[in-house]
>>> print(open('model.txt').read())   # compact mmCIF, C-alpha atoms (C1' of nucleotides)
# COMPACT_ATOMS: atom_id res chain seq x y z
CA MET A 1 71.79 35.91 92.89
CA GLU A 2 70.26 36.82 96.24
CA LYS A 3 66.82 36.30 94.71
CA GLU A 4 67.32 32.54 94.62
CA LYS A 5 64.97 30.79 97.01
CA ASN A 6 65.69 27.47 98.62
CA GLU A 7 63.12 25.26 96.97
CA SER A 8 63.16 22.72 99.74
CA SER A 9 60.95 25.09 101.73
CA SER A 10 57.28 24.24 101.66
CA SER A 11 54.90 26.69 100.02
CA ASN A 12 54.07 28.59 103.21
CA GLY A 13 57.78 29.31 103.60
CA ASN A 14 58.46 27.17 106.68
CA PRO A 15 60.18 23.84 106.07
CA LYS A 16 58.84 20.94 108.14
CA PRO A 17 61.48 19.20 110.29
CA TRP A 18 61.68 16.22 107.92
CA GLN A 19 62.08 18.44 104.90
CA SER A 20 65.81 18.94 104.90
CA TYR A 21 67.14 19.36 101.38
CA GLN A 22 68.25 15.75 101.60
CA THR A 23 64.85 14.18 101.89
CA VAL A 24 63.25 16.57 99.40
CA TYR A 25 65.93 15.79 96.82
CA THR A 26 63.88 14.96 93.76
CA ASN A 27 63.70 11.34 92.78
CA ALA A 28 62.95 10.85 89.11
CA LYS A 29 63.52 7.13 89.21
CA ALA A 30 61.09 4.88 87.43
CA GLY A 31 58.19 3.68 89.52
CA MET A 32 58.16 6.62 91.93
CA ASP A 33 55.20 8.36 90.25
CA GLY A 34 52.14 8.74 92.42
CA VAL A 35 54.07 8.06 95.63
CA ASP A 36 52.91 10.15 98.59
CA LYS A 37 56.29 11.81 99.00
CA GLU A 38 55.35 13.83 102.05
CA LYS A 39 54.20 10.71 103.87
CA VAL A 40 57.37 8.84 102.90
CA GLN A 41 59.54 11.72 104.12
CA ARG A 42 57.67 11.82 107.41
CA VAL A 43 58.02 8.06 107.99
CA VAL A 44 61.73 8.12 107.13
CA TYR A 45 62.23 11.04 109.49
CA GLU A 46 60.29 9.44 112.33
CA MET A 47 62.17 6.15 111.99
CA SER A 48 65.56 7.82 111.66
CA LYS A 49 65.64 10.63 114.19
CA GLY A 50 67.83 10.15 117.22
CA SER A 51 69.92 7.41 115.59
CA LYS A 52 73.68 7.59 115.12
CA TYR A 53 73.13 7.58 111.38
CA PHE A 54 70.71 10.51 111.61
CA GLU A 55 73.10 12.56 113.74
CA ASN A 56 75.90 11.95 111.29
CA GLU A 57 73.68 12.99 108.38
CA GLU A 58 72.78 16.19 110.22
CA ARG A 59 76.44 16.91 110.86
CA LYS A 60 77.22 16.43 107.17
CA GLU A 61 74.32 18.62 106.09
CA ALA A 62 75.41 21.38 108.45
CA PHE A 63 78.89 21.19 106.96
CA ILE A 64 77.51 21.49 103.43
CA ARG A 65 75.32 24.44 104.42
CA GLN A 66 78.41 26.13 105.80
CA LYS A 67 80.33 25.43 102.61
CA ILE A 68 77.49 26.89 100.57
CA GLU A 69 77.36 30.03 102.73
CA HIS A 70 81.08 30.47 102.21
CA MET A 71 80.75 30.10 98.45
CA ARG A 72 77.84 32.54 98.34
CA ALA A 73 79.92 35.08 100.23
CA ARG A 74 82.76 34.68 97.74
CA CYS A 75 80.26 35.09 94.90
CA ALA A 76 78.91 38.29 96.42
CA LYS A 77 82.42 39.74 96.70
CA LEU A 78 83.20 39.35 92.99
CA THR A 79 83.65 42.74 91.34
CA ALA A 80 82.37 43.65 87.88
CA HIS A 81 85.98 43.45 86.79
CA ASP A 82 86.36 39.89 88.17
CA ILE A 83 83.21 38.77 86.44
CA SER A 84 84.17 40.17 83.06
CA HIS A 85 87.59 38.52 83.44
CA TYR A 86 86.05 35.11 84.13
CA GLN A 87 83.52 35.63 81.37
CA LYS A 88 86.48 35.91 78.99
CA VAL A 89 87.89 32.69 80.41
CA VAL A 90 84.56 30.98 79.68
CA ASP A 91 84.33 32.54 76.21
CA ASN A 92 87.74 31.07 75.40
CA ARG A 93 87.07 27.70 76.98
CA LEU A 94 83.66 26.92 75.52
CA PRO A 95 84.84 26.77 71.87
CA GLU A 96 87.77 24.58 72.93
CA LEU A 97 85.41 22.15 74.58
CA GLU A 98 82.98 22.41 71.69
CA ALA A 99 85.79 21.42 69.30
CA THR A 100 86.05 18.05 71.07
CA ARG A 101 82.43 17.22 70.22
CA ASP A 102 82.26 13.99 68.25
CA LEU A 103 78.90 13.15 66.68
CA SER A 104 80.24 10.25 64.62
CA ARG A 105 79.54 7.49 67.16
CA THR A 106 76.30 5.99 68.43
CA TRP A 107 76.20 4.78 72.02
CA LEU A 108 73.60 2.64 73.69
CA HIS A 109 73.17 2.56 77.46
CA VAL A 110 71.42 -0.57 78.73
CA ASP A 111 69.93 -0.73 82.21
CA MET A 112 68.17 -3.86 83.47
CA ASP A 113 64.83 -3.10 85.15
CA ALA A 114 64.90 -3.75 88.93
CA PHE A 115 67.55 -6.36 88.17
CA TYR A 116 68.02 -8.29 91.43
CA ALA A 117 64.27 -8.23 92.14
CA ALA A 118 63.46 -9.39 88.61
CA VAL A 119 65.92 -12.29 88.87
CA GLU A 120 64.44 -13.37 92.21
CA THR A 121 60.96 -13.31 90.66
CA LEU A 122 62.19 -15.60 87.89
CA SER A 123 63.33 -18.17 90.42
CA ASP A 124 60.18 -17.79 92.53
CA PRO A 125 57.24 -16.80 90.29
CA SER A 126 54.91 -16.71 93.30
CA LEU A 127 56.49 -13.30 94.05
CA LYS A 128 55.03 -11.91 90.82
CA GLY A 129 52.72 -8.96 91.45
CA LYS A 130 53.62 -8.73 95.15
CA PRO A 131 55.69 -5.94 96.70
CA MET A 132 59.18 -7.35 97.18
CA ALA A 133 62.64 -6.16 98.11
CA VAL A 134 66.03 -7.82 97.82
CA GLY A 135 68.05 -7.35 101.00
CA GLY A 136 67.33 -7.46 104.70
CA MET A 137 66.15 -5.41 107.66
CA SER A 138 69.35 -3.34 107.58
CA MET A 139 69.57 -2.54 103.90
CA ILE A 140 67.63 -3.03 100.68
CA SER A 141 69.51 -3.22 97.39
CA THR A 142 66.56 -3.38 94.98
CA ALA A 143 62.79 -3.03 95.25
CA ASN A 144 60.34 -4.18 92.60
CA TYR A 145 57.79 -1.80 91.10
CA GLU A 146 54.97 -2.93 93.39
CA ALA A 147 57.13 -1.99 96.40
CA ARG A 148 58.26 1.32 94.87
CA ARG A 149 54.65 2.44 94.82
CA PHE A 150 54.86 2.49 98.64
CA GLY A 151 58.02 4.61 98.53
CA VAL A 152 60.33 1.64 99.10
CA ARG A 153 63.59 2.08 97.22
CA SER A 154 67.21 0.96 96.85
CA ALA A 155 69.56 1.94 99.68
CA MET A 156 66.69 2.22 102.15
CA PRO A 157 66.97 0.27 105.41
CA GLY A 158 64.59 -2.67 105.49
CA PHE A 159 62.97 -1.74 108.80
CA ILE A 160 61.86 1.60 107.34
CA ALA A 161 60.59 -0.16 104.21
CA CYS A 162 58.50 -2.42 106.50
CA LYS A 163 56.88 0.64 108.02
CA LEU A 164 56.04 2.02 104.56
CA CYS A 165 54.81 -1.32 103.25
CA PRO A 166 53.86 -3.89 105.92
CA GLU A 167 53.11 -6.51 103.20
CA LEU A 168 56.65 -6.29 101.84
CA ASN A 169 58.30 -9.63 100.96
CA PHE A 170 62.04 -9.80 101.67
CA VAL A 171 64.42 -11.98 99.65
CA PRO A 172 68.09 -12.28 100.68
CA THR A 173 70.72 -11.23 98.13
CA ASP A 174 72.25 -13.99 96.03
CA PHE A 175 75.07 -12.60 93.92
CA LYS A 176 75.83 -15.94 92.26
CA LYS A 177 72.38 -15.83 90.72
CA TYR A 178 72.74 -12.21 89.58
CA THR A 179 76.18 -12.90 88.09
CA TYR A 180 74.77 -15.84 86.14
CA TYR A 181 71.98 -13.73 84.63
CA SER A 182 74.33 -10.82 84.10
CA ASP A 183 76.57 -13.07 82.02
CA LEU A 184 73.57 -14.09 79.90
CA THR A 185 72.81 -10.43 79.15
CA ARG A 186 76.46 -9.76 78.38
CA LYS A 187 76.49 -12.56 75.81
CA VAL A 188 73.72 -10.67 74.02
CA PHE A 189 75.56 -7.34 74.31
CA HIS A 190 78.64 -8.98 72.82
CA ASN A 191 76.79 -9.50 69.52
CA TYR A 192 76.36 -5.75 69.14
CA ASP A 193 79.69 -4.50 70.51
CA PRO A 194 82.47 -6.98 71.33
CA ASN A 195 84.19 -4.23 73.34
CA PHE A 196 81.13 -3.17 75.34
CA MET A 197 81.76 -1.49 78.68
CA ALA A 198 80.15 -3.06 81.72
CA THR A 199 79.64 -0.63 84.62
CA SER A 200 77.94 -3.07 86.97
CA LEU A 201 76.07 -6.38 86.86
CA ASP A 202 73.00 -4.67 85.42
CA GLU A 203 74.34 -1.79 83.29
CA ALA A 204 76.51 -1.49 80.21
CA TYR A 205 77.48 0.90 77.43
CA LEU A 206 77.65 -0.36 73.83
CA ASP A 207 79.17 1.43 70.87
CA ILE A 208 76.67 0.38 68.20
CA THR A 209 78.09 2.55 65.40
CA GLU A 210 79.53 -0.39 63.47
CA VAL A 211 76.60 -2.76 63.85
CA CYS A 212 74.20 -0.02 62.65
CA ARG A 213 76.41 0.65 59.63
CA LYS A 214 76.96 -3.01 58.72
CA ARG A 215 73.31 -3.92 58.92
CA GLY A 216 72.03 -0.64 57.54
CA ILE A 217 69.44 -0.17 60.28
CA SER A 218 68.81 2.61 62.74
CA SER A 219 70.01 2.81 66.33
CA SER A 220 66.48 2.57 67.67
CA GLU A 221 65.90 -0.63 65.66
CA ILE A 222 69.07 -2.04 67.21
CA ALA A 223 67.88 -0.96 70.66
CA GLU A 224 64.52 -2.67 70.18
CA GLU A 225 66.11 -5.84 68.83
CA LEU A 226 68.59 -5.96 71.71
CA ARG A 227 65.81 -5.56 74.28
CA THR A 228 63.85 -8.37 72.64
CA ARG A 229 66.87 -10.64 72.56
CA VAL A 230 67.75 -9.96 76.18
CA TYR A 231 64.18 -10.84 77.10
CA LYS A 232 64.27 -14.06 75.05
CA GLU A 233 67.59 -15.17 76.56
CA THR A 234 66.86 -14.24 80.17
CA GLY A 235 63.17 -13.47 80.69
CA LEU A 236 64.27 -10.07 82.00
CA THR A 237 63.36 -6.63 80.69
CA CYS A 238 65.69 -3.70 80.23
CA SER A 239 65.64 -0.11 79.09
CA ALA A 240 68.02 1.28 76.51
CA GLY A 241 69.05 4.87 75.77
CA VAL A 242 70.61 5.98 72.48
CA ALA A 243 72.83 9.07 72.02
CA PRO A 244 76.07 10.22 70.37
CA ASN A 245 77.97 9.90 73.66
CA ARG A 246 77.80 8.05 76.96
CA LEU A 247 76.82 11.01 79.12
CA LEU A 248 73.70 11.61 77.03
CA ALA A 249 72.93 7.91 76.57
CA LYS A 250 72.67 7.55 80.34
CA ILE A 251 72.10 11.07 81.76
CA GLY A 252 73.72 11.53 85.15
CA GLY A 253 76.84 12.31 87.16
CA ILE A 254 75.40 14.98 89.46
CA GLY A 255 74.35 13.81 92.89
CA LYS A 256 72.50 15.45 95.73
CA VAL A 257 75.36 17.52 97.18
CA THR A 258 76.40 18.88 93.78
CA GLU A 259 72.78 19.62 92.90
CA HIS A 260 72.37 21.53 96.15
CA ILE A 261 75.52 23.58 95.55
CA LEU A 262 74.63 24.36 91.94
CA ARG A 263 71.15 25.48 92.94
CA ASP A 264 71.86 27.43 96.12
CA VAL A 265 75.19 29.02 95.22
CA PHE A 266 74.81 29.67 91.52
CA GLY A 267 71.06 29.40 90.98
CA ILE A 268 71.60 26.70 88.37
CA LYS A 269 68.87 24.17 87.62
CA THR A 270 69.39 23.49 83.91
CA CYS A 271 72.22 22.83 81.47
CA GLU A 272 71.51 26.17 79.80
CA GLU A 273 71.99 27.97 83.11
CA MET A 274 75.29 26.13 83.58
CA LEU A 275 76.63 27.93 80.51
CA GLU A 276 75.02 31.28 81.41
CA LYS A 277 76.58 31.25 84.89
CA GLY A 278 79.91 29.97 83.57
CA SER A 279 81.87 32.98 84.81
CA PHE A 280 80.81 32.33 88.42
CA ILE A 281 81.68 28.66 88.07
CA CYS A 282 85.15 29.53 86.77
CA ALA A 283 85.65 32.16 89.48
CA LEU A 284 84.86 29.82 92.37
CA LEU A 285 85.85 26.32 91.27
CA SER A 286 88.98 24.54 90.08
CA ASN A 287 89.76 24.28 86.36
CA SER A 288 88.87 20.60 86.19
CA THR A 289 85.58 21.08 88.06
CA ALA A 290 84.68 24.07 85.88
CA ASP A 291 85.52 22.05 82.76
CA PHE A 292 83.30 19.25 84.02
CA PHE A 293 80.30 21.55 84.49
CA LEU A 294 80.81 23.39 81.20
CA SER A 295 81.06 20.04 79.38
CA VAL A 296 77.86 18.83 81.03
CA GLY A 297 76.23 22.10 79.99
CA LEU A 298 77.30 21.50 76.42
CA GLY A 299 76.12 17.88 76.54
CA LEU A 300 79.62 16.57 75.84
CA GLY A 301 80.48 13.04 76.94
CA GLY A 302 82.82 10.15 76.27
CA THR A 303 82.73 8.67 72.77
CA ALA A 304 85.93 6.62 72.56
CA THR A 305 86.23 3.05 73.80
CA PRO A 306 89.06 3.07 76.32
CA GLN A 307 91.66 0.41 75.58
CA ILE A 308 93.24 0.76 78.99
CA ARG A 309 92.50 -2.65 80.46
CA ILE A 310 94.22 -4.69 77.73
CA VAL A 311 96.68 -6.36 80.12
CA MET A 312 93.96 -7.25 82.60
CA LEU A 313 91.75 -8.39 79.76
CA GLU A 314 94.40 -10.82 78.47
CA THR A 315 94.91 -12.18 81.95
CA TRP A 316 91.18 -12.55 82.33
CA GLU A 317 90.92 -14.40 79.03
CA GLU A 318 93.73 -16.75 79.96
CA LEU A 319 91.82 -17.61 83.09
CA ASN A 320 88.59 -18.09 81.15
CA GLY A 321 89.30 -19.98 77.96
CA ASP A 322 86.08 -19.35 76.06
CA ALA A 323 85.29 -15.99 77.65
CA PHE A 324 84.15 -13.11 75.52
CA ASP A 325 85.92 -9.75 75.57
CA ARG A 326 84.83 -7.39 78.23
CA ILE A 327 85.92 -3.95 79.25
CA GLU A 328 85.09 -2.74 82.71
CA ALA A 329 84.19 0.92 82.46
CA PRO A 330 86.23 3.14 84.74
CA GLY A 331 84.38 5.54 87.01
CA LEU A 332 81.18 7.05 85.72
CA GLY A 333 81.96 6.12 82.14
CA ILE A 334 80.89 9.47 80.76
C1' DT B 1 101.39 10.85 99.86
C1' DA B 2 97.44 9.99 102.68
C1' DC B 3 92.98 10.93 103.73
C1' DA B 4 88.24 12.63 103.06
C1' DT B 5 84.35 13.41 100.15
C1' DA B 6 81.15 12.67 96.27
C1' DC B 7 79.29 9.58 93.13
C1' DA B 8 77.64 5.32 91.10
C1' DC B 9 75.67 0.49 91.43
C1' DT C 1 67.50 -3.49 117.13
C1' DA C 2 68.80 -1.83 112.67
C1' DT C 3 71.34 2.79 107.45
C1' DG C 4 76.15 -1.58 102.53
C1' DG C 5 80.62 -2.69 100.13
C1' DT C 6 83.50 -1.33 96.55
C1' DG C 7 85.80 1.30 92.97
C1' DT C 8 87.00 5.81 90.69
C1' DA C 9 87.90 10.70 90.62
C1' DT C 10 89.00 14.85 92.83
C1' DG C 11 90.44 18.14 96.35
C1' DT C 12 93.11 19.24 100.46
C1' DA C 13 96.47 18.97 104.29
>>> encode(input="model.txt", output="structure tokens")
Amino acid sequence: MEKEKNESSSSNGNPKPWQSYQTVYTNAKAGMDGVDKEKVQRVVYEMSKGSKYFENEERKEAFIRQKIEHMRARCAKLTAHDISHYQKVVDNRLPELEATRDLSRTWLHVDMDAFYAAVETLSDPSLKGKPMAVGGMSMISTANYEARRFGVRSAMPGFIACKLCPELNFVPTDFKKYTYYSDLTRKVFHNYDPNFMATSLDEAYLDITEVCRKRGISSSEIAEELRTRVYKETGLTCSAGVAPNRLLAKIGGIGKVTEHILRDVFGIKTCEEMLEKGSFICALLSNSTADFFLSVGLGLGGTATPQIRIVMLETWEELNGDAFDRIEAPGLGI
DNA sequence: TACATACAC
DNA sequence: TATGGTGTATGTA
């Protein structure tokens, strides 16, 4: 375990001041290819340092580092006997989790591309091809692909985005507009799964098992058809992921703090390693947290449509005579 | 039970 | 000049 190196260090071994684990946290989001990450990190650091926000971030990072040190110390103290005990716990638990695997359903995860920015471009086509962000000087909610090439991204303050991309066009948020277009996409989703789960204005999970069976076509054909129909109805593009459960259809659920802990305490970077290091996970973490990680390692995710919002749904329908069914997905929906 | 943290959009 | 608002899940005091 002590061999594990902190990968946020630069290759000569000395991290630059702006290279805290936080800013080096890998960003695999679409449109970030070819961005000069080092330059972006430096600009963000220069614009942030000294601010209240920055000091608070540093305090939180120090706290996490301390937590990680503590966990590493506990790891180091585990005896061979402890480890073989927890290995047995894992060996019992994995088959139990495996037994819950359900490969009988097909889930589709739909994610609108740069949704707010794309809607704003529909209402003002002169923005097409120009770097643009929805939000203001304090906060950006969405950046289009032209802006992302400069390192501009969601949840970045607008004044930093200006520094990265002086040509950036700002458009104020208009949720009425986004709700209108979201409803148009949801009318399309409804044709494929009347009980689809909406997680936000621009994302939804659809159980397409039945529609595939009824029409005798594959899930990828359904995905392509749905994307075409969404485009026809709205003029907006979306991406769609297909898998036997929601976790795999979307991929996610582990954020920067969890990633840091997994990597620096347990040396875990892949799902395979999550299973290999299972005994350490069980030794240090609660049962529910350990179950969560082992399930992620096995690629297990939610497959059933929760029927928990029936009462709210009826109320909602009473209020909206011709409304279609809709289930709001709880939490991460995985 | 109340509060803090992590996560997602 | 300036770093969101909201909902869910989980852990801890």
>>> closest_atom_pairs(input="model.txt", of="chain C", to="chain A", cutoff="9 Å", atoms="all atoms listed in the file", output="Markdown table")
| residue | atom | partner | partner_atom | distance |
| --- | --- | --- | --- | --- |
| C:DA2 | C1' | A:Ser138 | CA | 5.3 |
| C:DT3 | C1' | A:Pro157 | CA | 5.4 |
| C:DG4 | C1' | A:Met139 | CA | 6.8 |
| C:DG7 | C1' | A:Gly331 | CA | 7.5 |
| C:DT8 | C1' | A:Gly331 | CA | 4.5 |
| C:DA9 | C1' | A:Gly331 | CA | 7.2 |
| C:DT10 | C1' | A:Thr289 | CA | 8.6 |
>>> write_last_selection(input="model.txt", atoms="C-alpha atoms (C1' of nucleotides)", output="CSV table (one decimal), in the frame of the given file")
chain,number,residue,atom,x,y,z
C,2,DA,C1',68.8,-1.8,112.7
C,3,DT,C1',71.3,2.8,107.4
C,4,DG,C1',76.2,-1.6,102.5
C,7,DG,C1',85.8,1.3,93.0
C,8,DT,C1',87.0,5.8,90.7
C,9,DA,C1',87.9,10.7,90.6
C,10,DT,C1',89.0,14.8,92.8
>>> interface_residues(input="model.txt", of="chain A", to="chain B", cutoff="10 Å", atoms="all atoms listed in the file", output="list of chain:residue names")
A:Ser141, A:Thr199, A:Ser200, A:Leu201, A:Asp202, A:Glu203, A:Gly252, A:Gly253, A:Ile254, A:Gly255, A:Lys256, A:Val257, A:Thr258, A:Gly331, A:Leu332, A:Gly333
>>> residues_around(input="model.txt", residues="A:Val40", least_positions_apart="3", cutoff="9 Å", atoms="all atoms listed in the file", output="VMD selection string")
chain A and resid 35 to 37 43 to 45 150 to 152 164
>>> atom_distance(input="model.txt", atom1="atom CA of A:Cys238", atom2="atom CA of A:Pro306")
24.6 Å
>>> residues_around(input="model.txt", residues="A:His85", least_positions_apart="3", cutoff="12 Å", atoms="all atoms listed in the file", output="tab-separated table (two decimals) with C-alpha atoms, in the coordinates of the input")
chain	number	residue	atom	x	y	z
A	78	LEU	CA	83.20	39.35	92.99
A	79	THR	CA	83.65	42.74	91.34
A	80	ALA	CA	82.37	43.65	87.88
A	81	HIS	CA	85.98	43.45	86.79
A	82	ASP	CA	86.36	39.89	88.17
A	88	LYS	CA	86.48	35.91	78.99
A	89	VAL	CA	87.89	32.69	80.41
A	90	VAL	CA	84.56	30.98	79.68
A	91	ASP	CA	84.33	32.54	76.21
A	92	ASN	CA	87.74	31.07	75.40
A	278	GLY	CA	79.91	29.97	83.57
A	279	SER	CA	81.87	32.98	84.81
A	280	PHE	CA	80.81	32.33	88.42
A	282	CYS	CA	85.15	29.53	86.77
A	283	ALA	CA	85.65	32.16	89.48
>>> build_atoms(input="model.txt", residues="stretch 211-228 of chain A", atoms="N, CA, C and O atoms", output="PDB file, in the frame of the given file")
ATOM      1  N   VAL A 211      77.678  -1.809  64.125  1.00  0.00           N
ATOM      2  CA  VAL A 211      76.600  -2.760  63.850  1.00  0.00           C
ATOM      3  C   VAL A 211      75.457  -2.067  63.100  1.00  0.00           C
ATOM      4  O   VAL A 211      74.830  -2.657  62.205  1.00  0.00           O
ATOM      5  N   CYS A 212      75.222  -0.789  63.398  1.00  0.00           N
ATOM      6  CA  CYS A 212      74.200  -0.020  62.650  1.00  0.00           C
ATOM      7  C   CYS A 212      74.631   0.107  61.187  1.00  0.00           C
ATOM      8  O   CYS A 212      73.828  -0.083  60.268  1.00  0.00           O
ATOM      9  N   ARG A 213      75.907   0.431  60.990  1.00  0.00           N
ATOM     10  CA  ARG A 213      76.410   0.650  59.630  1.00  0.00           C
ATOM     11  C   ARG A 213      76.373  -0.648  58.815  1.00  0.00           C
ATOM     12  O   ARG A 213      75.842  -0.683  57.697  1.00  0.00           O
ATOM     13  N   LYS A 214      76.896  -1.727  59.433  1.00  0.00           N
ATOM     14  CA  LYS A 214      76.960  -3.010  58.720  1.00  0.00           C
ATOM     15  C   LYS A 214      75.600  -3.511  58.313  1.00  0.00           C
ATOM     16  O   LYS A 214      75.412  -4.045  57.224  1.00  0.00           O
ATOM     17  N   ARG A 215      74.628  -3.368  59.202  1.00  0.00           N
ATOM     18  CA  ARG A 215      73.310  -3.920  58.920  1.00  0.00           C
ATOM     19  C   ARG A 215      72.367  -2.917  58.289  1.00  0.00           C
ATOM     20  O   ARG A 215      71.249  -3.274  57.904  1.00  0.00           O
ATOM     21  N   GLY A 216      72.828  -1.675  58.187  1.00  0.00           N
ATOM     22  CA  GLY A 216      72.030  -0.640  57.540  1.00  0.00           C
ATOM     23  C   GLY A 216      70.705  -0.382  58.227  1.00  0.00           C
ATOM     24  O   GLY A 216      69.705  -0.091  57.574  1.00  0.00           O
ATOM     25  N   ILE A 217      70.682  -0.492  59.559  1.00  0.00           N
ATOM     26  CA  ILE A 217      69.440  -0.170  60.280  1.00  0.00           C
ATOM     27  C   ILE A 217      69.723   0.877  61.346  1.00  0.00           C
ATOM     28  O   ILE A 217      70.868   1.137  61.705  1.00  0.00           O
ATOM     29  N   SER A 218      68.656   1.468  61.837  1.00  0.00           N
ATOM     30  CA  SER A 218      68.810   2.610  62.740  1.00  0.00           C
ATOM     31  C   SER A 218      69.159   2.155  64.161  1.00  0.00           C
ATOM     32  O   SER A 218      68.964   0.990  64.528  1.00  0.00           O
ATOM     33  N   SER A 219      69.638   3.113  64.954  1.00  0.00           N
ATOM     34  CA  SER A 219      70.010   2.810  66.330  1.00  0.00           C
ATOM     35  C   SER A 219      68.797   2.384  67.151  1.00  0.00           C
ATOM     36  O   SER A 219      68.911   1.518  68.016  1.00  0.00           O
ATOM     37  N   SER A 220      67.640   2.967  66.860  1.00  0.00           N
ATOM     38  CA  SER A 220      66.480   2.570  67.670  1.00  0.00           C
ATOM     39  C   SER A 220      66.018   1.158  67.305  1.00  0.00           C
ATOM     40  O   SER A 220      65.520   0.433  68.174  1.00  0.00           O
ATOM     41  N   GLU A 221      66.209   0.767  66.028  1.00  0.00           N
ATOM     42  CA  GLU A 221      65.900  -0.630  65.660  1.00  0.00           C
ATOM     43  C   GLU A 221      66.833  -1.589  66.386  1.00  0.00           C
ATOM     44  O   GLU A 221      66.410  -2.648  66.868  1.00  0.00           O
ATOM     45  N   ILE A 222      68.116  -1.214  66.460  1.00  0.00           N
ATOM     46  CA  ILE A 222      69.070  -2.040  67.210  1.00  0.00           C
ATOM     47  C   ILE A 222      68.654  -2.124  68.669  1.00  0.00           C
ATOM     48  O   ILE A 222      68.645  -3.204  69.277  1.00  0.00           O
ATOM     49  N   ALA A 223      68.269  -0.978  69.239  1.00  0.00           N
ATOM     50  CA  ALA A 223      67.880  -0.960  70.660  1.00  0.00           C
ATOM     51  C   ALA A 223      66.689  -1.884  70.900  1.00  0.00           C
ATOM     52  O   ALA A 223      66.696  -2.677  71.850  1.00  0.00           O
ATOM     53  N   GLU A 224      65.692  -1.814  70.016  1.00  0.00           N
ATOM     54  CA  GLU A 224      64.520  -2.670  70.180  1.00  0.00           C
ATOM     55  C   GLU A 224      64.870  -4.139  70.047  1.00  0.00           C
ATOM     56  O   GLU A 224      64.422  -4.980  70.826  1.00  0.00           O
ATOM     57  N   GLU A 225      65.693  -4.448  69.051  1.00  0.00           N
ATOM     58  CA  GLU A 225      66.110  -5.840  68.830  1.00  0.00           C
ATOM     59  C   GLU A 225      66.871  -6.373  70.031  1.00  0.00           C
ATOM     60  O   GLU A 225      66.645  -7.500  70.484  1.00  0.00           O
ATOM     61  N   LEU A 226      67.794  -5.540  70.556  1.00  0.00           N
ATOM     62  CA  LEU A 226      68.590  -5.960  71.710  1.00  0.00           C
ATOM     63  C   LEU A 226      67.687  -6.240  72.911  1.00  0.00           C
ATOM     64  O   LEU A 226      67.835  -7.250  73.602  1.00  0.00           O
ATOM     65  N   ARG A 227      66.714  -5.367  73.143  1.00  0.00           N
ATOM     66  CA  ARG A 227      65.810  -5.560  74.280  1.00  0.00           C
ATOM     67  C   ARG A 227      65.018  -6.865  74.118  1.00  0.00           C
ATOM     68  O   ARG A 227      64.838  -7.616  75.083  1.00  0.00           O
ATOM     69  N   THR A 228      64.583  -7.135  72.891  1.00  0.00           N
ATOM     70  CA  THR A 228      63.850  -8.370  72.640  1.00  0.00           C
ATOM     71  C   THR A 228      64.738  -9.585  72.874  1.00  0.00           C
ATOM     72  O   THR A 228      64.321 -10.575  73.495  1.00  0.00           O
TER      73      THR A 228
END
